[in-house]
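The file final-v5.pdb contains PDB, C-alpha atoms and all ligand atoms:
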ATOM      1  CA  MET F   1      -9.811  14.155  22.884  1.00  0.00           C
ATOM      2  CA  ALA F   2     -11.287  10.930  21.516  1.00  0.00           C
ATOM      3  CA  VAL F   3     -10.237  10.047  17.986  1.00  0.00           C
ATOM      4  CA  ASP F   4     -12.690   8.326  15.647  1.00  0.00           C
ATOM      5  CA  VAL F   5     -10.721   5.322  14.394  1.00  0.00           C
ATOM      6  CA  ARG F   6     -12.626   5.353  11.083  1.00  0.00           C
ATOM      7  CA  THR F   7     -11.176   8.718  10.077  1.00  0.00           C
ATOM      8  CA  MET F   8      -7.621   8.119  11.275  1.00  0.00           C
ATOM      9  CA  HIS F   9      -4.559   8.725   9.155  1.00  0.00           C
ATOM     10  CA  LEU F  10      -1.976   6.167  10.184  1.00  0.00           C
ATOM     11  CA  ILE F  11       1.462   5.052   9.074  1.00  0.00           C
ATOM     12  CA  LEU F  12       2.605   1.494   9.714  1.00  0.00           C
ATOM     13  CA  LEU F  13       6.370   1.309  10.095  1.00  0.00           C
ATOM     14  CA  GLY F  14       8.350  -1.879  10.500  1.00  0.00           C
ATOM     15  CA  ALA F  15      10.902  -4.105   8.812  1.00  0.00           C
ATOM     16  CA  PRO F  16       9.924  -6.298   5.850  1.00  0.00           C
ATOM     17  CA  GLY F  17       8.034  -9.222   7.374  1.00  0.00           C
ATOM     18  CA  ALA F  18       6.916  -7.301  10.474  1.00  0.00           C
ATOM     19  CA  GLY F  19       3.307  -7.771   9.337  1.00  0.00           C
ATOM     20  CA  LYS F  20       2.461  -4.290   8.063  1.00  0.00           C
ATOM     21  CA  GLY F  21       0.343  -5.608   5.186  1.00  0.00           C
ATOM     22  CA  THR F  22      -1.505  -8.141   7.331  1.00  0.00           C
ATOM     23  CA  GLN F  23      -2.119  -5.522   9.996  1.00  0.00           C
ATOM     24  CA  ALA F  24      -3.298  -2.957   7.454  1.00  0.00           C
ATOM     25  CA  SER F  25      -5.781  -5.480   5.984  1.00  0.00           C
ATOM     26  CA  TYR F  26      -7.094  -6.101   9.482  1.00  0.00           C
ATOM     27  CA  LEU F  27      -7.555  -2.364  10.094  1.00  0.00           C
ATOM     28  CA  ARG F  28      -9.344  -2.086   6.766  1.00  0.00           C
ATOM     29  CA  GLU F  29     -11.749  -4.863   7.716  1.00  0.00           C
ATOM     30  CA  GLN F  30     -12.273  -3.730  11.310  1.00  0.00           C
ATOM     31  CA  TRP F  31     -12.267   0.042  11.020  1.00  0.00           C
ATOM     32  CA  GLY F  32     -12.946   0.613   7.336  1.00  0.00           C
ATOM     33  CA  LEU F  33      -9.623   2.364   6.755  1.00  0.00           C
ATOM     34  CA  VAL F  34      -8.398   2.587   3.168  1.00  0.00           C
ATOM     35  CA  HIS F  35      -5.248   0.470   2.868  1.00  0.00           C
ATOM     36  CA  ILE F  36      -2.573   2.142   0.769  1.00  0.00           C
ATOM     37  CA  SER F  37       0.408  -0.124   0.143  1.00  0.00           C
ATOM     38  CA  THR F  38       3.182   1.267  -2.043  1.00  0.00           C
ATOM     39  CA  GLY F  39       4.457  -2.288  -2.582  1.00  0.00           C
ATOM     40  CA  ASP F  40       1.024  -3.420  -3.881  1.00  0.00           C
ATOM     41  CA  ILE F  41       0.680  -0.332  -6.100  1.00  0.00           C
ATOM     42  CA  LEU F  42       4.168  -0.908  -7.545  1.00  0.00           C
ATOM     43  CA  ARG F  43       3.560  -4.628  -8.127  1.00  0.00           C
ATOM     44  CA  ALA F  44       0.358  -3.747 -10.019  1.00  0.00           C
ATOM     45  CA  GLU F  45       2.344  -1.252 -12.139  1.00  0.00           C
ATOM     46  CA  VAL F  46       4.917  -3.982 -12.888  1.00  0.00           C
ATOM     47  CA  ARG F  47       2.154  -6.463 -13.839  1.00  0.00           C
ATOM     48  CA  GLU F  48       0.541  -3.922 -16.132  1.00  0.00           C
ATOM     49  CA  GLY F  49       3.883  -3.032 -17.726  1.00  0.00           C
ATOM     50  CA  THR F  50       3.498   0.732 -17.191  1.00  0.00           C
ATOM     51  CA  ALA F  51       6.465   3.111 -17.495  1.00  0.00           C
ATOM     52  CA  LEU F  52       6.633   3.317 -13.681  1.00  0.00           C
ATOM     53  CA  GLY F  53       6.439  -0.473 -13.418  1.00  0.00           C
ATOM     54  CA  LEU F  54       9.263  -0.973 -15.904  1.00  0.00           C
ATOM     55  CA  GLU F  55      11.424   1.488 -14.013  1.00  0.00           C
ATOM     56  CA  ALA F  56      10.628   0.015 -10.581  1.00  0.00           C
ATOM     57  CA  LYS F  57      10.953  -3.710 -11.428  1.00  0.00           C
ATOM     58  CA  GLY F  58      14.733  -4.112 -11.158  1.00  0.00           C
ATOM     59  CA  TYR F  59      14.963  -2.279  -7.854  1.00  0.00           C
ATOM     60  CA  MET F  60      12.141  -4.311  -6.390  1.00  0.00           C
ATOM     61  CA  GLU F  61      13.455  -7.709  -7.420  1.00  0.00           C
ATOM     62  CA  SER F  62      16.864  -7.050  -5.854  1.00  0.00           C
ATOM     63  CA  GLY F  63      15.324  -5.714  -2.637  1.00  0.00           C
ATOM     64  CA  ALA F  64      16.541  -2.127  -3.215  1.00  0.00           C
ATOM     65  CA  LEU F  65      14.311   0.901  -2.784  1.00  0.00           C
ATOM     66  CA  VAL F  66      12.662   2.518  -5.784  1.00  0.00           C
ATOM     67  CA  PRO F  67      13.980   6.120  -6.119  1.00  0.00           C
ATOM     68  CA  ASP F  68      12.288   8.684  -3.871  1.00  0.00           C
ATOM     69  CA  ASP F  69      11.097  10.992  -6.666  1.00  0.00           C
ATOM     70  CA  LEU F  70       9.080   8.190  -8.329  1.00  0.00           C
ATOM     71  CA  ILE F  71       7.501   7.128  -5.058  1.00  0.00           C
ATOM     72  CA  ILE F  72       6.707  10.669  -3.955  1.00  0.00           C
ATOM     73  CA  ARG F  73       4.991  11.481  -7.256  1.00  0.00           C
ATOM     74  CA  MET F  74       3.016   8.248  -7.104  1.00  0.00           C
ATOM     75  CA  MET F  75       1.839   8.958  -3.547  1.00  0.00           C
ATOM     76  CA  GLU F  76       0.966  12.580  -4.252  1.00  0.00           C
ATOM     77  CA  GLU F  77      -1.384  11.347  -6.912  1.00  0.00           C
ATOM     78  CA  ARG F  78      -2.872   8.643  -4.679  1.00  0.00           C
ATOM     79  CA  LEU F  79      -3.371  10.752  -1.536  1.00  0.00           C
ATOM     80  CA  GLY F  80      -4.621  13.754  -3.494  1.00  0.00           C
ATOM     81  CA  LYS F  81      -7.691  11.696  -4.437  1.00  0.00           C
ATOM     82  CA  LEU F  82      -8.764  11.162  -0.815  1.00  0.00           C
ATOM     83  CA  GLY F  83     -10.856  13.601   1.208  1.00  0.00           C
ATOM     84  CA  ALA F  84      -9.551  14.594   4.656  1.00  0.00           C
ATOM     85  CA  GLU F  85     -12.470  12.704   6.261  1.00  0.00           C
ATOM     86  CA  THR F  86     -11.386   9.408   4.668  1.00  0.00           C
ATOM     87  CA  GLY F  87      -9.397   7.289   7.117  1.00  0.00           C
ATOM     88  CA  TYR F  88      -6.393   5.485   5.715  1.00  0.00           C
ATOM     89  CA  VAL F  89      -3.383   3.456   6.674  1.00  0.00           C
ATOM     90  CA  LEU F  90      -0.096   3.830   4.822  1.00  0.00           C
ATOM     91  CA  ASP F  91       1.789   0.558   4.516  1.00  0.00           C
ATOM     92  CA  GLY F  92       5.368   0.748   3.206  1.00  0.00           C
ATOM     93  CA  PHE F  93       5.476   4.530   2.856  1.00  0.00           C
ATOM     94  CA  PRO F  94       7.423   6.527   3.868  1.00  0.00           C
ATOM     95  CA  ARG F  95      10.595   4.454   3.789  1.00  0.00           C
ATOM     96  CA  THR F  96      13.246   7.197   3.815  1.00  0.00           C
ATOM     97  CA  VAL F  97      13.618  10.524   5.617  1.00  0.00           C
ATOM     98  CA  ALA F  98      13.237  12.327   2.255  1.00  0.00           C
ATOM     99  CA  GLN F  99       9.901  10.541   1.731  1.00  0.00           C
ATOM    100  CA  ALA F 100       8.774  11.407   5.274  1.00  0.00           C
ATOM    101  CA  GLU F 101       9.580  15.074   4.701  1.00  0.00           C
ATOM    102  CA  ALA F 102       7.751  15.034   1.361  1.00  0.00           C
ATOM    103  CA  LEU F 103       4.766  13.340   3.012  1.00  0.00           C
ATOM    104  CA  GLN F 104       4.631  16.010   5.687  1.00  0.00           C
ATOM    105  CA  ALA F 105       4.541  18.749   3.036  1.00  0.00           C
ATOM    106  CA  MET F 106       1.928  16.809   1.028  1.00  0.00           C
ATOM    107  CA  LEU F 107      -0.365  16.372   4.042  1.00  0.00           C
ATOM    108  CA  GLU F 108      -0.131  20.048   4.933  1.00  0.00           C
ATOM    109  CA  ARG F 109      -0.986  20.971   1.370  1.00  0.00           C
ATOM    110  CA  ILE F 110      -4.086  18.763   1.243  1.00  0.00           C
ATOM    111  CA  GLY F 111      -5.132  19.492   4.850  1.00  0.00           C
ATOM    112  CA  HIS F 112      -4.771  15.988   6.331  1.00  0.00           C
ATOM    113  CA  THR F 113      -3.564  15.392   9.895  1.00  0.00           C
ATOM    114  CA  LEU F 114      -1.366  12.413  10.687  1.00  0.00           C
ATOM    115  CA  ASN F 115      -2.706  10.767  13.869  1.00  0.00           C
ATOM    116  CA  ALA F 116       0.002   8.222  14.604  1.00  0.00           C
ATOM    117  CA  VAL F 117       2.937   6.237  13.321  1.00  0.00           C
ATOM    118  CA  VAL F 118       2.847   2.665  14.538  1.00  0.00           C
ATOM    119  CA  ASN F 119       6.170   0.861  14.611  1.00  0.00           C
ATOM    120  CA  ILE F 120       5.603  -2.890  14.517  1.00  0.00           C
ATOM    121  CA  ASP F 121       8.619  -4.374  16.225  1.00  0.00           C
ATOM    122  CA  VAL F 122       9.850  -7.908  15.330  1.00  0.00           C
ATOM    123  CA  ALA F 123      13.367  -9.413  15.788  1.00  0.00           C
ATOM    124  CA  ASP F 124      15.447 -10.456  12.731  1.00  0.00           C
ATOM    125  CA  PRO F 125      15.268 -14.288  13.042  1.00  0.00           C
ATOM    126  CA  GLU F 126      11.457 -14.127  13.159  1.00  0.00           C
ATOM    127  CA  LEU F 127      11.409 -11.715  10.187  1.00  0.00           C
ATOM    128  CA  ILE F 128      13.497 -14.144   8.129  1.00  0.00           C
ATOM    129  CA  ARG F 129      11.270 -17.090   9.083  1.00  0.00           C
ATOM    130  CA  ARG F 130       8.173 -15.145   8.054  1.00  0.00           C
ATOM    131  CA  LEU F 131       9.568 -13.845   4.758  1.00  0.00           C
ATOM    132  CA  THR F 132      11.055 -17.117   3.512  1.00  0.00           C
ATOM    133  CA  GLY F 133       7.739 -18.925   4.200  1.00  0.00           C
ATOM    134  CA  ARG F 134       5.507 -16.221   2.741  1.00  0.00           C
ATOM    135  CA  ARG F 135       3.370 -17.057  -0.307  1.00  0.00           C
ATOM    136  CA  VAL F 136       1.151 -14.501  -1.999  1.00  0.00           C
ATOM    137  CA  CYS F 137      -1.695 -14.425  -4.447  1.00  0.00           C
ATOM    138  CA  PRO F 138      -0.563 -12.570  -7.584  1.00  0.00           C
ATOM    139  CA  ASN F 139      -4.192 -11.802  -8.388  1.00  0.00           C
ATOM    140  CA  CYS F 140      -5.781 -10.441  -5.173  1.00  0.00           C
ATOM    141  CA  ASN F 141      -2.658  -9.902  -3.007  1.00  0.00           C
ATOM    142  CA  ALA F 142      -3.859 -12.223  -0.204  1.00  0.00           C
ATOM    143  CA  VAL F 143      -0.911 -13.362   1.928  1.00  0.00           C
ATOM    144  CA  TYR F 144      -0.223 -16.851   3.343  1.00  0.00           C
ATOM    145  CA  HIS F 145       2.588 -18.658   5.181  1.00  0.00           C
ATOM    146  CA  ILE F 146       3.677 -22.226   4.528  1.00  0.00           C
ATOM    147  CA  ASP F 147       3.574 -23.092   8.278  1.00  0.00           C
ATOM    148  CA  THR F 148       1.457 -20.555  10.099  1.00  0.00           C
ATOM    149  CA  MET F 149      -1.186 -19.351   7.626  1.00  0.00           C
ATOM    150  CA  LYS F 150      -1.776 -22.195   5.183  1.00  0.00           C
ATOM    151  CA  PRO F 151      -4.436 -21.881   2.494  1.00  0.00           C
ATOM    152  CA  LYS F 152      -7.253 -24.459   2.649  1.00  0.00           C
ATOM    153  CA  VAL F 153      -5.933 -26.122  -0.522  1.00  0.00           C
ATOM    154  CA  ASP F 154      -2.151 -26.317  -0.822  1.00  0.00           C
ATOM    155  CA  GLY F 155      -0.791 -23.617  -3.166  1.00  0.00           C
ATOM    156  CA  ILE F 156      -4.216 -22.126  -4.009  1.00  0.00           C
ATOM    157  CA  CYS F 157      -5.632 -18.794  -2.880  1.00  0.00           C
ATOM    158  CA  ASP F 158      -8.677 -19.171  -0.570  1.00  0.00           C
ATOM    159  CA  VAL F 159     -10.113 -15.863  -1.792  1.00  0.00           C
ATOM    160  CA  CYS F 160      -9.916 -16.097  -5.588  1.00  0.00           C
ATOM    161  CA  GLY F 161      -8.589 -19.575  -6.447  1.00  0.00           C
ATOM    162  CA  SER F 162      -5.379 -18.387  -8.169  1.00  0.00           C
ATOM    163  CA  ALA F 163      -2.097 -20.306  -7.806  1.00  0.00           C
ATOM    164  CA  LEU F 164       0.049 -18.834  -5.026  1.00  0.00           C
ATOM    165  CA  ILE F 165       3.612 -17.686  -5.721  1.00  0.00           C
ATOM    166  CA  GLN F 166       6.736 -16.794  -3.784  1.00  0.00           C
ATOM    167  CA  ARG F 167       7.736 -13.195  -4.487  1.00  0.00           C
ATOM    168  CA  LYS F 168      11.237 -12.918  -6.002  1.00  0.00           C
ATOM    169  CA  ASP F 169      12.130 -10.507  -3.216  1.00  0.00           C
ATOM    170  CA  ASP F 170      11.141 -13.116  -0.597  1.00  0.00           C
ATOM    171  CA  GLN F 171      14.095 -15.277  -1.658  1.00  0.00           C
ATOM    172  CA  ILE F 172      16.989 -15.246   0.766  1.00  0.00           C
ATOM    173  CA  GLU F 173      19.483 -13.001  -1.131  1.00  0.00           C
ATOM    174  CA  ALA F 174      16.872 -10.287  -1.608  1.00  0.00           C
ATOM    175  CA  ILE F 175      15.699 -10.640   1.995  1.00  0.00           C
ATOM    176  CA  THR F 176      19.223  -9.997   3.317  1.00  0.00           C
ATOM    177  CA  ASN F 177      19.374  -6.903   1.134  1.00  0.00           C
ATOM    178  CA  ARG F 178      15.920  -5.680   2.188  1.00  0.00           C
ATOM    179  CA  LEU F 179      16.769  -5.995   5.891  1.00  0.00           C
ATOM    180  CA  ALA F 180      20.030  -4.054   5.377  1.00  0.00           C
ATOM    181  CA  VAL F 181      18.174  -1.361   3.391  1.00  0.00           C
ATOM    182  CA  TYR F 182      15.553  -1.181   6.128  1.00  0.00           C
ATOM    183  CA  LYS F 183      18.196  -0.641   8.821  1.00  0.00           C
ATOM    184  CA  SER F 184      20.110   2.030   6.936  1.00  0.00           C
ATOM    185  CA  GLN F 185      17.244   3.937   5.281  1.00  0.00           C
ATOM    186  CA  THR F 186      13.948   3.292   7.062  1.00  0.00           C
ATOM    187  CA  GLN F 187      14.913   2.763  10.717  1.00  0.00           C
ATOM    188  CA  PRO F 188      15.900   6.473  11.059  1.00  0.00           C
ATOM    189  CA  LEU F 189      12.174   7.234  10.677  1.00  0.00           C
ATOM    190  CA  ILE F 190      11.621   5.838  14.169  1.00  0.00           C
ATOM    191  CA  ASP F 191      13.533   8.824  15.611  1.00  0.00           C
ATOM    192  CA  PHE F 192      11.981  11.165  13.040  1.00  0.00           C
ATOM    193  CA  TYR F 193       8.456  10.393  14.287  1.00  0.00           C
ATOM    194  CA  GLN F 194       9.462   9.943  17.933  1.00  0.00           C
ATOM    195  CA  THR F 195      10.692  13.543  18.057  1.00  0.00           C
ATOM    196  CA  ARG F 196       7.390  14.660  16.504  1.00  0.00           C
ATOM    197  CA  GLY F 197       5.445  12.860  19.267  1.00  0.00           C
ATOM    198  CA  LEU F 198       3.664  10.524  16.850  1.00  0.00           C
ATOM    199  CA  LEU F 199       5.383   7.187  17.474  1.00  0.00           C
ATOM    200  CA  VAL F 200       3.611   4.194  19.023  1.00  0.00           C
ATOM    201  CA  VAL F 201       5.794   1.063  19.352  1.00  0.00           C
ATOM    202  CA  ILE F 202       4.013  -2.300  19.367  1.00  0.00           C
ATOM    203  CA  ASP F 203       5.340  -5.845  19.721  1.00  0.00           C
ATOM    204  CA  GLY F 204       4.605  -7.447  16.336  1.00  0.00           C
ATOM    205  CA  THR F 205       4.508 -11.007  17.672  1.00  0.00           C
ATOM    206  CA  ILE F 206       1.251 -10.686  19.629  1.00  0.00           C
ATOM    207  CA  GLY F 207      -1.268 -11.202  16.790  1.00  0.00           C
ATOM    208  CA  VAL F 208      -3.175  -8.806  14.513  1.00  0.00           C
ATOM    209  CA  ALA F 209      -6.276  -8.368  16.686  1.00  0.00           C
ATOM    210  CA  GLN F 210      -4.137  -7.601  19.744  1.00  0.00           C
ATOM    211  CA  VAL F 211      -1.986  -5.147  17.760  1.00  0.00           C
ATOM    212  CA  GLY F 212      -5.221  -3.494  16.565  1.00  0.00           C
ATOM    213  CA  GLU F 213      -6.454  -3.186  20.161  1.00  0.00           C
ATOM    214  CA  LYS F 214      -3.103  -1.714  21.269  1.00  0.00           C
ATOM    215  CA  ILE F 215      -3.316   0.888  18.510  1.00  0.00           C
ATOM    216  CA  ARG F 216      -6.854   1.768  19.553  1.00  0.00           C
ATOM    217  CA  THR F 217      -5.873   2.012  23.226  1.00  0.00           C
ATOM    218  CA  ALA F 218      -2.811   4.123  22.432  1.00  0.00           C
ATOM    219  CA  LEU F 219      -4.887   6.568  20.384  1.00  0.00           C
ATOM    220  CA  CYS F 220      -8.288   6.531  22.062  1.00  0.00           C
ATOM    221  CA  GLY F 221      -7.659   5.211  25.585  1.00  0.00           C
ATOM    222  CA  GLU F 222      -9.226   2.078  27.117  1.00  0.00           C
ATOM    223  CA  VAL F 223     -12.694   1.162  25.826  1.00  0.00           C
ATOM    224  CA  ASN F 224     -15.078   0.864  28.846  1.00  0.00           C
TER     225      ASN F 224
HETATM  226  P1  LIG F 301       6.828  -4.100   0.167  1.00  0.00           P
HETATM  227  O1  LIG F 301       5.756  -4.947  -0.387  1.00  0.00           O
HETATM  228  O2  LIG F 301       6.304  -2.928   0.975  1.00  0.00           O
HETATM  229  O3  LIG F 301       7.880  -4.872   0.917  1.00  0.00           O
HETATM  230  O4  LIG F 301       7.562  -3.420  -1.080  1.00  0.00           O
HETATM  231  C1  LIG F 301       8.198  -4.215  -2.068  1.00  0.00           C
HETATM  232  C2  LIG F 301       9.270  -3.406  -2.769  1.00  0.00           C
HETATM  233  O5  LIG F 301       8.683  -2.257  -3.403  1.00  0.00           O
HETATM  234  C3  LIG F 301      10.341  -2.827  -1.852  1.00  0.00           C
HETATM  235  O6  LIG F 301      11.362  -3.761  -1.570  1.00  0.00           O
HETATM  236  C4  LIG F 301      10.845  -1.670  -2.714  1.00  0.00           C
HETATM  237  O7  LIG F 301      11.652  -2.111  -3.778  1.00  0.00           O
HETATM  238  C5  LIG F 301       9.567  -1.143  -3.318  1.00  0.00           C
HETATM  239  N1  LIG F 301       8.935  -0.124  -2.444  1.00  0.00           N
HETATM  240  C6  LIG F 301       7.744  -0.209  -1.786  1.00  0.00           C
HETATM  241  N2  LIG F 301       7.501   0.915  -1.118  1.00  0.00           N
HETATM  242  C7  LIG F 301       8.550   1.738  -1.324  1.00  0.00           C
HETATM  243  C8  LIG F 301       8.900   3.041  -0.888  1.00  0.00           C
HETATM  244  N3  LIG F 301       8.108   3.728  -0.063  1.00  0.00           N
HETATM  245  N4  LIG F 301      10.078   3.567  -1.321  1.00  0.00           N
HETATM  246  C9  LIG F 301      10.884   2.899  -2.155  1.00  0.00           C
HETATM  247  N5  LIG F 301      10.631   1.666  -2.608  1.00  0.00           N
HETATM  248  C10 LIG F 301       9.474   1.078  -2.196  1.00  0.00           C
END
Is it possible to express this structure as structure tokens?
Ligand code: AMP
Amino acid sequence: MAVDVRTMHLILLGAPGAGKGTQASYLREQWGLVHISTGDILRAEVREGTALGLEAKGYMESGALVPDDLIIRMMEERLGKLGAETGYVLDGFPRTVAQAEALQAMLERIGHTLNAVVNIDVADPELIRRLTGRRVCPNCNAVYHIDTMKPKVDGICDVCGSALIQRKDDQIEAITNRLAVYKSQTQPLIDFYQTRGLLVVIDGTIGVAQVGEKIRTALCGEVN
């Protein structure tokens, strides 16, 4: 049965630096999917100095995961606001088996169907190159790279003109930690979704438009 890409409920899985955020932005622009990034939501909470932000900050800066109960509550609130006909892409959630189980229960409760879990596959040396060179806009969350995705004016966001920054967790000590956390806590989700018949594995080095096309082909078949 053909799936309408605009109403899809997708999860993007992948190590830090695999390009989940970039890919999710592309799917938002191309297919109109709502992009829900737990990392972006948490960073906004930290910026605003909320109770959740204050609690999450230390974990985030060291590259550790924020405790499951906080994340699950935050996502219940966020997803509960969306109608089942609204397509969305989850970027950075779930990140543990406990979160995946909670998500499953949440989706059943609110009557949403998960269409696919896309694992964006990228080898470690490339992940490290991407993360160490990443610069972000603290205002609008646009993402750049010092070699491969330079802004038009050095150090300045093309979209909103703010000064770009390097995230604390994109510094090498935190990156090493984040990759280890990914392997021990998030990688088991590949099997979790494989056994549920939802996993689509895609080479994350082929470019966002090509990844988008592969997702479409995997879910809807070839476009004639
Ligand atoms: P990201 O931008 O997705 O790499 O997330 C940045 C940081 O936010 C992560 O290193 C974690 O500290 C925290 N974070 C984001 N999503 C989650 C999640 N689903 N579970 C736990 N911590 C998370």
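The residues sitting within 6 Å of ligand LIG 301 (chain F), with only C-alpha atoms and all ligand atoms considered, come out as Pro16, Thr38, Gly39, Tyr59, Met60, Gly63, Ala64, Leu65, Val66, Pro67, Ile71, Gly92, Phe93, Pro94 and Arg95 of chain F.
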Exercise for the section: Place a sphere of radius 8 Å on (16.3, 0.1, 2.4) in the file coordinates and name every protein, DNA or RNA residue with an atom inside or on its surface, counting all atoms listed in the file; give the answer as number ranges by chain. Expected result: F: 63-65, 95-96, 177-186
Handout entry: One-decimal distance in Å that lies between CA of Phe192 (chain F) and CA of Asp4 (chain F)
Key =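 Separating CA of Asp4 (chain F) from CA of Phe192 (chain F) is a distance of 25.0 Å.
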Identify the residues within 9 Å of coordinate (-2.4, -8.6, 0.0) (same frame as the file), considering only C-alpha atoms, and give the answer as a PDB file with C-alpha atoms, keeping the file's coordinate frame.
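Generated file (selection-v4.pdb):
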ATOM      1  CA  GLY F  21       0.343  -5.608   5.186  1.00  0.00           C
ATOM      2  CA  THR F  22      -1.505  -8.141   7.331  1.00  0.00           C
ATOM      3  CA  SER F  25      -5.781  -5.480   5.984  1.00  0.00           C
ATOM      4  CA  SER F  37       0.408  -0.124   0.143  1.00  0.00           C
ATOM      5  CA  ASP F  40       1.024  -3.420  -3.881  1.00  0.00           C
ATOM      6  CA  VAL F 136       1.151 -14.501  -1.999  1.00  0.00           C
ATOM      7  CA  CYS F 137      -1.695 -14.425  -4.447  1.00  0.00           C
ATOM      8  CA  PRO F 138      -0.563 -12.570  -7.584  1.00  0.00           C
ATOM      9  CA  CYS F 140      -5.781 -10.441  -5.173  1.00  0.00           C
ATOM     10  CA  ASN F 141      -2.658  -9.902  -3.007  1.00  0.00           C
ATOM     11  CA  ALA F 142      -3.859 -12.223  -0.204  1.00  0.00           C
ATOM     12  CA  VAL F 143      -0.911 -13.362   1.928  1.00  0.00           C
TER      13      VAL F 143
END
Handout entry: Distance in Å - CA of Ala123 (chain F) versus CA of Thr148 (chain F)
Key = 17.3 Å
Exercise for the section: Using all atoms listed in the file, find the one residue out of F:Asp121, F:Glu76, F:Asp158, F:Glu48 that sits nearest to Val211 (chain F). Expected result: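 Of F:Asp121, F:Glu76, F:Asp158, F:Glu48, the one nearest Val211 (chain F), counting all atoms listed in the file, is F:Asp121.
Interatomic distance, CA of Gly83 (chain F) against CA of Ala56 (chain F): 28.0 Å.
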Problem - Selection under test: the PyMOL selection byres (((chain F and resi 85-90) around 6) and not hetatm); residues as JSON, numbers by chain - result: {"F": [6, 7, 8, 9, 10, 11, 33, 34, 35, 36, 83, 84, 91, 93]}
Prev. selection, C-alpha atoms, output as a short mmCIF file (atom, residue, chain, number, x, y, z; two decimals), keeping the file's coordinate frame:
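The result, written out as result_39.cif:
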data_model
loop_
_atom_site.label_atom_id
_atom_site.label_comp_id
_atom_site.auth_asym_id
_atom_site.auth_seq_id
_atom_site.Cartn_x
_atom_site.Cartn_y
_atom_site.Cartn_z
CA ARG F 6 -12.63 5.35 11.08
CA THR F 7 -11.18 8.72 10.08
CA MET F 8 -7.62 8.12 11.28
CA HIS F 9 -4.56 8.72 9.15
CA LEU F 10 -1.98 6.17 10.18
CA ILE F 11 1.46 5.05 9.07
CA LEU F 33 -9.62 2.36 6.76
CA VAL F 34 -8.40 2.59 3.17
CA HIS F 35 -5.25 0.47 2.87
CA ILE F 36 -2.57 2.14 0.77
CA GLY F 83 -10.86 13.60 1.21
CA ALA F 84 -9.55 14.59 4.66
CA ASP F 91 1.79 0.56 4.52
CA PHE F 93 5.48 4.53 2.86
#
Practice task
Find the residues around Ile156 (chain F) up to 10 Å (only C-alpha atoms counted), leave out those fewer than 3 positions away in its own chain, and share them as an NGL selection string.
Solution key: :F and (135-137 or 144 or 150-153 or 159-165)
Practice task
Skip region 102-118 of chain F itself and residues of its chain fewer than 2 positions away, then list as a PyMOL selection string all residues within 9 Å of it, counting only C-alpha atoms.
Solution key: chain F and resi 3+8-14+72+75-76+79-80+83-85+93-94+97-100+120+190+193-194+197-202+215+219
Exercise for the section: Could you list the residues chosen by the PyMOL selection byres (((chain F and resi 212) around 12) and not hetatm) in this structure as a VMD selection string? Expected result: chain F and resid 5 12 19 to 20 22 to 31 118 120 200 202 to 204 206 to 211 213 to 220
Practice task
Go through F:Glu55, F:Pro188, F:Ile41, F:Arg47 one by one, measure the shortest atom-to-atom distance of each to Arg78 (chain F) using all atoms listed in the file, and give the residue with the smallest value.
Solution key: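 Using all atoms listed in the file, Arg78 (chain F) sits closest to F:Ile41.
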Please, what is the axis-aligned box for every listed atom of region 57-65 of chain F with 6 Å on each side, as centre and edge lengths in Å to one decimal, as lines of an AutoDock Vina configuration file?
center_x = 13.9
center_y = -3.4
center_z = -7.0
size_x = 17.9
size_y = 20.6
size_z = 20.8
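Nearest to Ile128 (chain F) of all the residues F:Leu42, F:Leu82, F:Ala174, F:Cys157 is F:Ala174, counting only C-alpha atoms.
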Exercise for the section: Please identify all polymer residues within 6 Å of Leu131 (chain F), counting only C-alpha atoms, omitting same-chain residues fewer than 2 positions from it, and present them as an NGL selection string. Expected result: :F and (17 or 128-129 or 133-134 or 170)
